[in-house]
Each structure stands twice: as C-alpha cells, then as structure tokens.
Amino acid sequence: MSTENNFDAVIIGAGFAGMYALHKIRGLGFKVKAYERASDVGGTWFWNRYPGARCDVNSLEYSYQFSDELQQEWSWSERYSSQPEILSYAKHVSERFDLRKDIQFETKVTQLEYDENAEVWHGQTDRGEEFTSRIMIMATGCLSKSNTPQFEGLNQFEGQLLHTAQWPHTEVDFAGKDVGVIGTGSSAIQLIPIVADQAKTLTVFQRTANFSIPAHNSDMDKKHEARVKANYKEFRAQNSLQRSAIGMVPNPVSALEVSDEEREQTYEERWSVGGLPFAATFNDLGIDRRANSTAVDFVHRKIKDIVKDEQTADTLCPDTVLGCKRLCVDSNYYETFNRSNVFLVDIKQNPIKNITKDGLVTADKDYKFDSLVLATGFDAMTGALADISITGREKQTLASHWSEGPQNYLGLMVSGFPNMFTITGPGSPSVLSNMIVAIEQHVNFITNLLDFMKQTQRKTVETSEKAETEWVQQVNAIAAQTLYTSGCNSWYLGANIPGKPRIFMPHIGFPTYVEKCNEVAAQDYRGFKFS
Ligand code: NAP
C-alpha cells in the first residue's frame, strides 16, 4: 500500500457529522480523509429527497453554529427548511470550508480491522482500495440504513418501486397513476399529501397509526430572523439548555393539575403553534400515562374534527402513548384523507400477504398500482455501523460485541475498539435532540480529546468494559423512568427491525449529557484509558 493511503484520521460519512469532523480534525494538523458512499455531501438529506421532505426543527436552529460568519451569511427561506434547501446548505458549507478535496465520494468502506501491534486500523473499500488510519471517526448517521421489509414477492413487482430513503434524483411523476404507500411514519406523512395531489388514486397501508401535529410552516419571518441573527450566540445557548436542545418552551405544569378548560386551552395554543413543542405542552406527558392520555384524547378529537369519514378517522387515531415514537409534523396530512382519490387500509386488521407483479394482496383484498412507495423507515442508529465488518482487539467483531444491543461509553467509544469514535450514536442524545447541535458537541469533545492526546503524546485511547457497562445502565435507567420504553414499539428501541435486540438506544436529556461529558473531560477523561 502506498503511504498516500496512511492517515492520522479517517472519517466515514460526509453528512453533517462527517463534514464538521473533517473541518475540525484538519484544524489539528492531522492527515485526514473522509469516505462517503453518496456522490455528494449531505448524508440523510442527500438520500431522503422524496416530495415533501422537510426538517421538523426550525431552520434557524437546524444549522451549524461553529462559524458565526456562516450562520450570519446563510438565509433560510422558510420556518422549516425543505430537503433541497438543506442539501444546498450542506453543499455551501462544503465549498465554504473547502471540504471536498479531502472527501472521496461514491466509496463505501466495507471492512475495518484493528492491528494491535501497529496500533492502526486497516480499512477496505468497495472499490478494492485499502487504507490505514490511527483514528477512525464513524460519522455514519442514525437514519442512513434504510429498512426494506421482506414482503413476499417484492422483487416480482413490475411497476415503479420506490423507497423514501433512496429516492431517485430525477423527478417522479405520479400524474394519472394509481399509487400505494406502505407506512405512516414521518416520511410517509410528509409525502402523502403531495402524492395525493398528483396521483389518480393513492392507497395508504397503515400498520400503526401515528400522532401528527401541524407544522404551520411559513415563509421566514425576516424580522424574527434579524432578531435571532443579532443575538445568535445567546439564542443557541438558551436552546442548548432545553432537554432536546431545541428552542421549545417547556410548560412546567402537570396536565393533571389544571382544570379541564385550562388543559384544553393549553393544548389548543400548542396545536396552533404546531410542531414538536406539542410534546412539551405539560411537564408529565412523557412520564405519566394518565397525563399522556389527556394529550391522546385531544389529538383524537382533532383527527375526528378534521377527517369527515368516521371509520377513516377512527383508523387514523393512534392507540399508543403520544411521543413514545417521534411525533410527526405535517402539512395537511389528516385533511388529505377527505379527498375522494385517497384510501386508507388498516393492515393491522388485514395484513399484507404478499406483493404481486402489479400490486399487493392483503388478507381480504387485491390492490393494483402503477407505483408502490415503501415509506418503511430505517435500521436506525446501529444499522449503518453493522453494515461495515468491524473487528477490534482480540479479533472481536462489533457485531458480536453488540449482539445483545449497543454497548458503549458516552455514546462515543466501544470497549475493545481503540481510537474509534462514533458520532451521535446509541448512548448519546442524538435523535432525541437537535441533531446538528448534538453533532457539534460530539465532534468538539472528540477533537478536544485528540488534541489532549497530541499535547500529552498519547497514541491510543479506549474505554473500559466497566465504563461502558455503567454508561449503558445509566442510559437505560433514565429511559425506564419514561414512557419511551413501555408506551409503544419504536425504532428508538430497535423494535421496527425483526430480530434486532430491544434496547432503548438514545440518551434522554441533552444538557445533562453535556454536563457529564464536561465533567469527564475535566477529570482527565475519566473512563477513557490512554497509552
Ligand atoms: P418510521 O417512522 O420508522 O416509519 C416507518 C413506517 O413503515 C411505519 O408506519 C411502520 O409501521 C411501517 N412499516 C415498517 N415495516 C413495515 C412492515 N413490514 N409492514 C407494514 N408497515 C411497515 O420511518 P420514517 O417515516 O422514514 O421516519 C423515521 C424517522 O426519520 C422519523 O422518526 C424521524 O426521526 C426522521 N424523519 C424526520 C423527518 C422530519 O424532520 N420531519 C421526516 C422524515 C423522517 P409500524 O409503525 O407499525 O412499525
């Protein structure tokens, strides 16, 4: 192997995590390279280009804060940014910080093996290339490995088969077509109103009804933008103090301590603001079933007000705890079911038996389509890591180490896998927080640690099994106090993937997590071992 392919650090992924990691690690004077399987930057926003794809975090928050020039010069056109705009932003960042020169696109890292003698990682790509690197940064993303359920006959479908997370780069025209959509998660809920507008007919196959809150998206309020930009630092600092690092104002009141009128009015106010803050209408919705059921009742009434057909409305009413799956945020989702060309099929009642060459068959009926959209989500948080064959110390594989669920310390390091860091992986606030804020915090922690190693001339860092076990226990203990683990089957628990170990993966609470990381760093990186 030529020395050209020997690096101080290799980053896998050039989404928002990989791009910022590249920028920061270059700043340490390291020889660094990023590999990315897509043909451009953007990660999840590169792949999820289905119609209606949009972020559910306010655009003034869902953006980097590491460069004040960047956040001042960029303008978002809407309250919630669309996928094309977020992708343009990612491209802008890559150009502004000249990142592309160190990213190799259309290259998937397939294998990583740790060489204990040389203390380096050996990597292989799907192009047959090899590399070595002292440090590995796994910026592989939480929602990057799409989930295609193994429906019988799927490969026999002769129409247009689409997956929301692998959407074509050319426009898909649904005009005059009969379309089927399987799934009613966030992706489907965004896509359905737009496809309904274009297609001849749209049939939605729902297994579990989801809670969706109106986005009330709008053009960016320029005065609001100017106010935020004038105080961006304070705005970011305030938001980082919130549990999800999102600027939602929590209401410090129990849903059970207010009168029926006050409760109803408070829900109405939140509903009219829209979006994820609905989950923070009262302070006990996430921990008390009785409190939660008041929110469930409110949303059920909203659905029944909006959807005219009684049976369709009933089918759309979720029978789970509100918020134990990520809330969906929509524009005209429930309203779409009032259209005469839109049909809802409850596949819990009548499961899909198989896909045919021109449609699908449920327990009670045959359906025919020109296009079938799988909006069936992701093998979240661990899927992209599991896609790479990773072997650490003593020939132990990550797959075997994680056979009963992901184990790591601070969501950053796995014992037996020296110098390998995960960004926003399981065990960190990650998907329960503003992802870009979480990414920056992780990358800053890692690069500070690498700088500390450089200054103190340490070559290797790893965590211990003890630190890892204690951390996983702590993450689970926090989750057990909430309705996340008992309220429903979610991808947070790995429950959407057959055979995946059921373990609550993200750490709940961004500020407490940051506090913990800061404490660890201040104590010479307690829980990490250096050599
Ligand atoms: P998802 O929430 O996992 O939804 C997948 C849907 O497919 C569910 O309705 C699921 O039903 C259904 N499904 C899966 N396997 C099935 C099977 N074998 N048979 C029938 N139905 C099946 O996936 P997603 O909608 O792509 O969203 C994933 C996450 O991405 C979101 O939670 C969110 O964090 C993120 N996202 C965010 C935005 C945004 O910012 N607004 C937009 C899109 C996605 P069950 O519920 O019964 O499993």
# chains A, B, ... in the order shown; residues from 1 in each chain; ligands from 1
>>> residues_around(residues="stretch 400-409 of chain A", least_positions_apart="6", cutoff="8 Å", atoms="only C-alpha atoms", output="PyMOL selection string")
chain A and resi 382+415+426-427+463+467-469+471-472+500-503+505+527
>>> write_last_selection(atoms="N, CA, C and O atoms", output="mmCIF file, in the first residue's frame")
data_model
loop_
_atom_site.group_PDB
_atom_site.id
_atom_site.type_symbol
_atom_site.label_atom_id
_atom_site.label_comp_id
_atom_site.auth_asym_id
_atom_site.auth_seq_id
_atom_site.Cartn_x
_atom_site.Cartn_y
_atom_site.Cartn_z
ATOM 1 N N THR A 382 -27.878 1.896 14.636
ATOM 2 C CA THR A 382 -26.794 0.915 14.557
ATOM 3 C C THR A 382 -26.648 0.317 13.153
ATOM 4 O O THR A 382 -25.644 -0.321 12.851
ATOM 5 N N SER A 415 -15.692 -0.466 24.050
ATOM 6 C CA SER A 415 -14.502 -1.105 24.620
ATOM 7 C C SER A 415 -13.992 -2.196 23.675
ATOM 8 O O SER A 415 -14.787 -2.945 23.087
ATOM 9 N N PRO A 426 -25.761 5.382 19.362
ATOM 10 C CA PRO A 426 -26.547 4.973 20.528
ATOM 11 C C PRO A 426 -25.814 5.360 21.802
ATOM 12 O O PRO A 426 -24.583 5.390 21.839
ATOM 13 N N GLY A 427 -26.571 5.674 22.849
ATOM 14 C CA GLY A 427 -25.943 6.067 24.116
ATOM 15 C C GLY A 427 -25.696 7.557 24.214
ATOM 16 O O GLY A 427 -25.194 8.047 25.219
ATOM 17 N N THR A 463 -11.929 2.854 25.833
ATOM 18 C CA THR A 463 -12.705 2.843 27.060
ATOM 19 C C THR A 463 -12.702 1.427 27.638
ATOM 20 O O THR A 463 -12.262 0.487 26.977
ATOM 21 N N ALA A 467 -16.613 1.037 32.319
ATOM 22 C CA ALA A 467 -17.197 2.351 31.999
ATOM 23 C C ALA A 467 -18.392 2.173 31.064
ATOM 24 O O ALA A 467 -19.431 2.834 31.213
ATOM 25 N N GLU A 468 -18.229 1.273 30.136
ATOM 26 C CA GLU A 468 -19.268 1.018 29.139
ATOM 27 C C GLU A 468 -20.540 0.450 29.803
ATOM 28 O O GLU A 468 -21.655 0.931 29.563
ATOM 29 N N THR A 469 -20.336 -0.553 30.660
ATOM 30 C CA THR A 469 -21.489 -1.193 31.320
ATOM 31 C C THR A 469 -22.237 -0.176 32.171
ATOM 32 O O THR A 469 -23.469 -0.088 32.137
ATOM 33 N N TRP A 471 -22.316 3.010 31.822
ATOM 34 C CA TRP A 471 -22.992 4.017 30.992
ATOM 35 C C TRP A 471 -24.305 3.475 30.422
ATOM 36 O O TRP A 471 -25.349 4.136 30.477
ATOM 37 N N VAL A 472 -24.251 2.257 29.915
ATOM 38 C CA VAL A 472 -25.466 1.668 29.329
ATOM 39 C C VAL A 472 -26.545 1.538 30.411
ATOM 40 O O VAL A 472 -27.717 1.828 30.174
ATOM 41 N N LYS A 500 -33.882 -7.531 15.840
ATOM 42 C CA LYS A 500 -32.942 -6.573 16.438
ATOM 43 C C LYS A 500 -33.147 -6.563 17.959
ATOM 44 O O LYS A 500 -34.301 -6.543 18.419
ATOM 45 N N PRO A 501 -32.053 -6.597 18.754
ATOM 46 C CA PRO A 501 -32.238 -6.602 20.209
ATOM 47 C C PRO A 501 -33.033 -5.378 20.652
ATOM 48 O O PRO A 501 -32.813 -4.268 20.149
ATOM 49 N N ARG A 502 -33.948 -5.598 21.577
ATOM 50 C CA ARG A 502 -34.800 -4.497 22.039
ATOM 51 C C ARG A 502 -34.085 -3.800 23.184
ATOM 52 O O ARG A 502 -33.979 -4.321 24.295
ATOM 53 N N ILE A 503 -33.572 -2.628 22.895
ATOM 54 C CA ILE A 503 -32.901 -1.830 23.936
ATOM 55 C C ILE A 503 -33.091 -0.368 23.552
ATOM 56 O O ILE A 503 -32.982 -0.020 22.367
ATOM 57 N N MET A 505 -32.095 3.045 22.754
ATOM 58 C CA MET A 505 -30.751 3.434 22.332
ATOM 59 C C MET A 505 -30.318 4.862 22.701
ATOM 60 O O MET A 505 -29.206 5.052 23.161
ATOM 61 N N GLY A 527 -12.803 7.379 32.607
ATOM 62 C CA GLY A 527 -13.500 6.331 31.834
ATOM 63 C C GLY A 527 -12.806 6.004 30.521
ATOM 64 O O GLY A 527 -13.151 5.028 29.860
#
>>> closest_atom_pairs(of="chain A", to="ligand 1", cutoff="8 Å", atoms="only C-alpha atoms and all ligand atoms", output="CSV")
residue,atom,partner,partner_atom_place_in_ligand_line,distance
A:Asn48,CA,ligand 1,43 (C),7.9
A:Ala53,CA,ligand 1,42 (C),6.0
A:Arg54,CA,ligand 1,41 (N),5.2
A:Cys55,CA,ligand 1,40 (O),3.5
A:Asp56,CA,ligand 1,40 (O),4.0
A:Val57,CA,ligand 1,40 (O),6.7
A:Leu143,CA,ligand 1,30 (O),6.3
A:Asn147,CA,ligand 1,15 (N),7.4
A:Thr148,CA,ligand 1,15 (N),7.3
A:Pro149,CA,ligand 1,18 (N),4.7
A:Gln150,CA,ligand 1,18 (N),7.1
A:Phe151,CA,ligand 1,18 (N),6.9
A:Thr164,CA,ligand 1,26 (O),6.9
A:Ala165,CA,ligand 1,26 (O),6.9
A:Ile182,CA,ligand 1,21 (N),5.7
A:Gly183,CA,ligand 1,7 (O),3.4
A:Thr184,CA,ligand 1,9 (O),3.7
A:Gly185,CA,ligand 1,25 (O),3.4
A:Ser186,CA,ligand 1,25 (O),3.8
A:Ser187,CA,ligand 1,25 (O),3.7
A:Ala188,CA,ligand 1,25 (O),5.5
A:Ile189,CA,ligand 1,25 (O),7.3
A:Gln190,CA,ligand 1,42 (C),6.9
A:Phe205,CA,ligand 1,21 (N),7.2
A:Gln206,CA,ligand 1,9 (O),6.2
A:Arg207,CA,ligand 1,47 (O),4.3
A:Thr208,CA,ligand 1,47 (O),4.1
A:Ala209,CA,ligand 1,46 (O),7.0
A:Asn210,CA,ligand 1,9 (O),7.3
A:Lys325,CA,ligand 1,32 (O),6.9
A:Arg326,CA,ligand 1,32 (O),4.9
A:Leu327,CA,ligand 1,32 (O),7.3
A:Cys328,CA,ligand 1,41 (N),6.6
A:Val329,CA,ligand 1,41 (N),5.9
A:Asp330,CA,ligand 1,41 (N),7.7
A:Ile347,CA,ligand 1,20 (C),7.1
A:Pro351,CA,ligand 1,20 (C),7.9
A:Ile352,CA,ligand 1,19 (N),7.2
A:Leu374,CA,ligand 1,7 (O),7.4
A:Ala375,CA,ligand 1,7 (O),5.4
A:Thr376,CA,ligand 1,7 (O),3.3
A:Gly377,CA,ligand 1,23 (O),3.1
A:Phe378,CA,ligand 1,3 (O),5.9
A:Val431,CA,ligand 1,34 (O),6.6
A:Asn489,CA,ligand 1,48 (O),7.3
A:Ser490,CA,ligand 1,46 (O),7.1
A:Trp491,CA,ligand 1,3 (O),6.0
A:Ala495,CA,ligand 1,48 (O),7.8
A:Asn496,CA,ligand 1,48 (O),5.2
A:Ile497,CA,ligand 1,15 (N),7.6
>>> write_last_selection(atoms="C-alpha atoms", output="PDB file, in the first residue's frame")
ATOM      1  CA  ASN A  48     -34.244  11.359   1.506  1.00  0.00           C
ATOM      2  CA  ALA A  53     -39.174  16.009   2.730  1.00  0.00           C
ATOM      3  CA  ARG A  54     -38.631  18.733   5.286  1.00  0.00           C
ATOM      4  CA  CYS A  55     -36.976  19.152   8.665  1.00  0.00           C
ATOM      5  CA  ASP A  56     -39.140  19.262  11.799  1.00  0.00           C
ATOM      6  CA  VAL A  57     -36.720  21.553  13.669  1.00  0.00           C
ATOM      7  CA  LEU A 143     -31.043   7.276   9.814  1.00  0.00           C
ATOM      8  CA  ASN A 147     -35.331  -0.631   6.020  1.00  0.00           C
ATOM      9  CA  THR A 148     -36.955  -2.666   3.276  1.00  0.00           C
ATOM     10  CA  PRO A 149     -39.241  -5.266   4.865  1.00  0.00           C
ATOM     11  CA  GLN A 150     -39.005  -8.706   3.300  1.00  0.00           C
ATOM     12  CA  PHE A 151     -42.514  -8.764   1.818  1.00  0.00           C
ATOM     13  CA  THR A 164     -38.459   7.247   0.602  1.00  0.00           C
ATOM     14  CA  ALA A 165     -34.857   6.886   1.817  1.00  0.00           C
ATOM     15  CA  ILE A 182     -46.740   1.373   2.801  1.00  0.00           C
ATOM     16  CA  GLY A 183     -46.012   3.066   6.128  1.00  0.00           C
ATOM     17  CA  THR A 184     -47.322   6.048   8.056  1.00  0.00           C
ATOM     18  CA  GLY A 185     -44.200   7.401   9.789  1.00  0.00           C
ATOM     19  CA  SER A 186     -42.746  10.918   9.411  1.00  0.00           C
ATOM     20  CA  SER A 187     -41.603  10.300   5.827  1.00  0.00           C
ATOM     21  CA  ALA A 188     -44.982   8.966   4.651  1.00  0.00           C
ATOM     22  CA  ILE A 189     -46.871  11.700   6.461  1.00  0.00           C
ATOM     23  CA  GLN A 190     -44.894  14.345   4.571  1.00  0.00           C
ATOM     24  CA  PHE A 205     -51.346   0.992   4.032  1.00  0.00           C
ATOM     25  CA  GLN A 206     -51.148   1.750   7.736  1.00  0.00           C
ATOM     26  CA  ARG A 207     -49.938  -0.762  10.328  1.00  0.00           C
ATOM     27  CA  THR A 208     -49.701   1.603  13.308  1.00  0.00           C
ATOM     28  CA  ALA A 209     -51.386   4.989  13.367  1.00  0.00           C
ATOM     29  CA  ASN A 210     -49.036   7.846  14.275  1.00  0.00           C
ATOM     30  CA  LYS A 325     -42.487   7.332  18.829  1.00  0.00           C
ATOM     31  CA  ARG A 326     -41.137  10.543  17.387  1.00  0.00           C
ATOM     32  CA  LEU A 327     -44.023  12.930  16.814  1.00  0.00           C
ATOM     33  CA  CYS A 328     -44.700  13.538  13.165  1.00  0.00           C
ATOM     34  CA  VAL A 329     -45.077  17.073  11.882  1.00  0.00           C
ATOM     35  CA  ASP A 330     -47.236  17.591   8.816  1.00  0.00           C
ATOM     36  CA  ILE A 347     -53.074  -3.594   7.660  1.00  0.00           C
ATOM     37  CA  PRO A 351     -52.126  -7.716   6.958  1.00  0.00           C
ATOM     38  CA  ILE A 352     -50.256  -7.622   3.677  1.00  0.00           C
ATOM     39  CA  LEU A 374     -42.071   1.956   0.711  1.00  0.00           C
ATOM     40  CA  ALA A 375     -42.015   4.540   3.490  1.00  0.00           C
ATOM     41  CA  THR A 376     -40.798   1.868   5.871  1.00  0.00           C
ATOM     42  CA  GLY A 377     -38.045   3.740   7.668  1.00  0.00           C
ATOM     43  CA  PHE A 378     -34.596   2.765   8.810  1.00  0.00           C
ATOM     44  CA  VAL A 431     -32.006  11.540  17.623  1.00  0.00           C
ATOM     45  CA  ASN A 489     -42.745  -0.231  19.750  1.00  0.00           C
ATOM     46  CA  SER A 490     -40.436   2.342  18.230  1.00  0.00           C
ATOM     47  CA  TRP A 491     -37.237   2.440  16.232  1.00  0.00           C
ATOM     48  CA  ALA A 495     -38.464  -2.721  17.587  1.00  0.00           C
ATOM     49  CA  ASN A 496     -39.091  -1.961  13.892  1.00  0.00           C
ATOM     50  CA  ILE A 497     -36.447  -4.430  12.691  1.00  0.00           C
TER      51      ILE A 497
END
>>> residues_around(residues="stretch 240-249 of chain A", least_positions_apart="6", cutoff="10 Å", atoms="only C-alpha atoms", output="count of residues only")
29
>>> atom_distance(atom1="atom CA of A:Lys529", atom2="atom CA of A:Gln457")
13.5 Å
>>> residues_around(residues="stretch 364-372 of chain A", least_positions_apart="3", cutoff="12 Å", atoms="only C-alpha atoms", output="PyMOL selection string")
chain A and resi 154-155+157-164+172-183+195+199-205+343+345-361+375-376
>>> atom_distance(atom1="atom CA of A:Ala139", atom2="atom CA of A:Val41")
12.2 Å
>>> closest_residue(among="A:Asn251, A:Gln83, A:Gln111, A:Thr170", to="A:Leu398", atoms="only C-alpha atoms")
A:Gln111
>>> select_by_dssp(residues="stretch 280-414 of chain A", states="alpha helix (DSSP H)", output="PyMOL selection string")
chain A and resi 289-306+310-316+333-336+383-386+398-401
>>> write_last_selection(atoms="C-alpha atoms", output="JSON list (two decimals), in the first residue's frame")
[["chain", "number", "residue", "atom", "x", "y", "z"],
["A", 289, "ARG", "CA", -49.80, 7.62, 31.39],
["A", 290, "ARG", "CA", -52.80, 9.46, 32.80],
["A", 291, "ALA", "CA", -51.32, 12.82, 31.84],
["A", 292, "ASN", "CA", -50.37, 11.45, 28.44],
["A", 293, "SER", "CA", -53.88, 10.18, 27.79],
["A", 294, "THR", "CA", -55.19, 13.77, 28.01],
["A", 295, "ALA", "CA", -52.93, 14.64, 25.05],
["A", 296, "VAL", "CA", -54.01, 11.48, 23.24],
["A", 297, "ASP", "CA", -57.68, 12.41, 23.72],
["A", 298, "PHE", "CA", -57.04, 15.93, 22.44],
["A", 299, "VAL", "CA", -55.35, 14.71, 19.24],
["A", 300, "HIS", "CA", -58.04, 12.08, 18.69],
["A", 301, "ARG", "CA", -60.66, 14.84, 18.84],
["A", 302, "LYS", "CA", -58.64, 16.90, 16.35],
["A", 303, "ILE", "CA", -58.40, 13.96, 13.95],
["A", 304, "LYS", "CA", -62.14, 13.34, 14.23],
["A", 305, "ASP", "CA", -62.85, 17.04, 13.63],
["A", 306, "ILE", "CA", -60.69, 17.09, 10.51],
["A", 310, "GLU", "CA", -65.88, 8.28, 10.67],
["A", 311, "GLN", "CA", -64.24, 4.94, 10.04],
["A", 312, "THR", "CA", -61.19, 6.52, 8.41],
["A", 313, "ALA", "CA", -60.88, 8.94, 11.33],
["A", 314, "ASP", "CA", -61.08, 6.05, 13.83],
["A", 315, "THR", "CA", -58.38, 4.14, 11.95],
["A", 316, "LEU", "CA", -56.14, 7.23, 11.98],
["A", 333, "TYR", "CA", -51.87, 15.07, 6.46],
["A", 334, "TYR", "CA", -55.22, 14.33, 8.09],
["A", 335, "GLU", "CA", -57.02, 16.66, 5.63],
["A", 336, "THR", "CA", -55.71, 14.53, 2.76],
["A", 383, "GLY", "CA", -27.72, -0.16, 11.00],
["A", 384, "ALA", "CA", -25.02, 1.75, 9.15],
["A", 385, "LEU", "CA", -22.31, 0.59, 11.59],
["A", 386, "ALA", "CA", -23.49, -3.00, 11.31],
["A", 398, "LEU", "CA", -18.57, -5.15, 16.71],
["A", 399, "ALA", "CA", -21.46, -7.40, 15.66],
["A", 400, "SER", "CA", -20.65, -9.91, 18.41],
["A", 401, "HIS", "CA", -19.91, -7.21, 20.98]]
>>> residues_around(residues="A:Phe282", least_positions_apart="4", cutoff="8 Å", atoms="only C-alpha atoms", output="PyMOL selection string")
chain A and resi 250-255
>>> write_last_selection(atoms="C-alpha atoms", output="compact mmCIF listing (two decimals), in the first residue's frame")
# COMPACT_ATOMS: atom_id res chain seq x y z
CA PRO A 250 -41.49 23.68 28.28
CA ASN A 251 -44.56 24.24 30.38
CA PRO A 252 -43.59 23.42 33.99
CA VAL A 253 -47.11 22.29 34.85
CA SER A 254 -48.70 18.85 35.15
CA ALA A 255 -51.54 18.03 32.78
>>> closest_residue(among="A:Asp102, A:Glu462, A:Glu85, A:Glu470", to="A:Asn419", atoms="only C-alpha atoms")
A:Glu462
>>> closest_residue(among="A:Thr110, A:Thr44, A:Gln156, A:Ser63", to="A:Ile439", atoms="only C-alpha atoms")
A:Ser63
>>> atom_distance(atom1="atom CA of A:Gly128", atom2="atom CA of A:Met413")
27.5 Å
>>> closest_residue(among="A:Glu106, A:Asp451, A:Glu73, A:Asp115", to="A:Ile390", atoms="only C-alpha atoms")
A:Asp115
>>> residues_around(residues="A:Arg393", least_positions_apart="4", cutoff="9 Å", atoms="only C-alpha atoms", output="PyMOL selection string")
chain A and resi 113-116+397+415-418
>>> select_by_dssp(residues="stretch 323-398 of chain A", states="strand (DSSP E or B)", output="list in words")
Cys328, Val329, Asp330, Val342, Phe343, Leu344, Val345, Asp346, Ile352, Lys353, Asn354, Ile355, Thr356, Gly359, Leu360, Val361, Thr362, Asp366, Tyr367, Lys368, Ser371, Leu372, Val373, Leu374, Phe378, Ser389, Ile390, Thr391 and Thr397 of chain A
>>> write_last_selection(atoms="N, CA, C and O atoms", output="compact mmCIF listing (two decimals), in the first residue's frame")
# COMPACT_ATOMS: atom_id res chain seq x y z
N CYS A 328 -44.82 13.11 14.56
CA CYS A 328 -44.70 13.54 13.17
C CYS A 328 -45.19 14.97 13.08
O CYS A 328 -45.98 15.42 13.92
N VAL A 329 -44.70 15.67 12.08
CA VAL A 329 -45.08 17.07 11.88
C VAL A 329 -45.50 17.19 10.42
O VAL A 329 -44.75 16.79 9.53
N ASP A 330 -46.70 17.70 10.18
CA ASP A 330 -47.24 17.59 8.82
C ASP A 330 -47.79 18.90 8.27
O ASP A 330 -47.99 19.86 9.01
N VAL A 342 -58.21 9.31 -2.20
CA VAL A 342 -57.29 8.76 -1.19
C VAL A 342 -58.01 7.73 -0.32
O VAL A 342 -59.12 7.98 0.16
N PHE A 343 -57.36 6.58 -0.13
CA PHE A 343 -57.97 5.48 0.62
C PHE A 343 -56.99 5.00 1.69
O PHE A 343 -55.79 4.97 1.46
N LEU A 344 -57.55 4.65 2.84
CA LEU A 344 -56.71 4.17 3.95
C LEU A 344 -57.02 2.69 4.21
O LEU A 344 -58.19 2.32 4.33
N VAL A 345 -55.98 1.89 4.31
CA VAL A 345 -56.18 0.46 4.58
C VAL A 345 -55.48 0.12 5.89
O VAL A 345 -54.29 0.42 6.06
N ASP A 346 -56.21 -0.49 6.79
CA ASP A 346 -55.66 -0.85 8.09
C ASP A 346 -55.04 -2.25 7.97
O ASP A 346 -55.75 -3.25 7.97
N ILE A 352 -50.72 -7.38 5.05
CA ILE A 352 -50.26 -7.62 3.68
C ILE A 352 -49.80 -9.08 3.60
O ILE A 352 -48.98 -9.52 4.41
N LYS A 353 -50.36 -9.81 2.62
CA LYS A 353 -49.94 -11.21 2.46
C LYS A 353 -48.72 -11.27 1.55
O LYS A 353 -47.73 -11.90 1.88
N ASN A 354 -48.83 -10.61 0.42
CA ASN A 354 -47.68 -10.59 -0.49
C ASN A 354 -47.84 -9.49 -1.53
O ASN A 354 -48.92 -8.94 -1.73
N ILE A 355 -46.71 -9.19 -2.16
CA ILE A 355 -46.70 -8.21 -3.25
C ILE A 355 -46.87 -9.02 -4.54
O ILE A 355 -46.32 -10.13 -4.66
N THR A 356 -47.61 -8.46 -5.48
CA THR A 356 -47.79 -9.15 -6.77
C THR A 356 -47.08 -8.36 -7.85
O THR A 356 -46.50 -7.31 -7.57
N GLY A 359 -49.29 -5.06 -7.88
CA GLY A 359 -49.93 -4.51 -6.69
C GLY A 359 -49.62 -5.31 -5.45
O GLY A 359 -48.49 -5.78 -5.28
N LEU A 360 -50.61 -5.47 -4.60
CA LEU A 360 -50.40 -6.31 -3.42
C LEU A 360 -51.72 -6.94 -2.97
O LEU A 360 -52.80 -6.48 -3.34
N VAL A 361 -51.57 -7.94 -2.14
CA VAL A 361 -52.73 -8.66 -1.64
C VAL A 361 -52.72 -8.59 -0.12
O VAL A 361 -51.71 -8.88 0.52
N THR A 362 -53.86 -8.17 0.43
CA THR A 362 -54.00 -8.22 1.89
C THR A 362 -54.90 -9.40 2.24
O THR A 362 -55.41 -10.08 1.33
N ASP A 366 -57.45 -7.52 -3.06
CA ASP A 366 -56.38 -7.35 -4.06
C ASP A 366 -56.26 -5.89 -4.43
O ASP A 366 -57.28 -5.26 -4.67
N TYR A 367 -55.06 -5.33 -4.49
CA TYR A 367 -54.89 -3.93 -4.88
C TYR A 367 -53.95 -3.88 -6.09
O TYR A 367 -52.99 -4.65 -6.15
N LYS A 368 -54.21 -2.93 -6.99
CA LYS A 368 -53.34 -2.80 -8.17
C LYS A 368 -52.77 -1.38 -8.21
O LYS A 368 -53.49 -0.41 -7.98
N SER A 371 -47.39 2.51 -9.11
CA SER A 371 -46.21 2.82 -8.28
C SER A 371 -46.46 2.38 -6.85
O SER A 371 -47.57 2.57 -6.34
N LEU A 372 -45.43 1.84 -6.25
CA LEU A 372 -45.52 1.42 -4.85
C LEU A 372 -44.38 2.09 -4.09
O LEU A 372 -43.21 1.94 -4.44
N VAL A 373 -44.76 2.87 -3.06
CA VAL A 373 -43.74 3.58 -2.27
C VAL A 373 -43.58 2.89 -0.92
O VAL A 373 -44.55 2.75 -0.17
N LEU A 374 -42.37 2.49 -0.62
CA LEU A 374 -42.07 1.96 0.71
C LEU A 374 -41.60 3.13 1.57
O LEU A 374 -40.55 3.72 1.30
N PHE A 378 -36.04 3.02 8.74
CA PHE A 378 -34.60 2.76 8.81
C PHE A 378 -34.25 1.69 9.84
O PHE A 378 -34.97 1.51 10.83
N SER A 389 -17.98 -4.44 8.26
CA SER A 389 -17.41 -5.53 9.07
C SER A 389 -16.28 -4.92 9.92
O SER A 389 -15.25 -4.52 9.39
N ILE A 390 -16.51 -4.79 11.22
CA ILE A 390 -15.54 -4.10 12.10
C ILE A 390 -14.98 -5.10 13.11
O ILE A 390 -15.73 -5.71 13.87
N THR A 391 -13.65 -5.24 13.12
CA THR A 391 -13.00 -6.16 14.04
C THR A 391 -12.01 -5.40 14.90
O THR A 391 -11.12 -4.73 14.38
N THR A 397 -15.54 -8.91 16.96
CA THR A 397 -16.26 -8.06 15.99
C THR A 397 -17.26 -7.16 16.73
O THR A 397 -17.74 -7.53 17.81
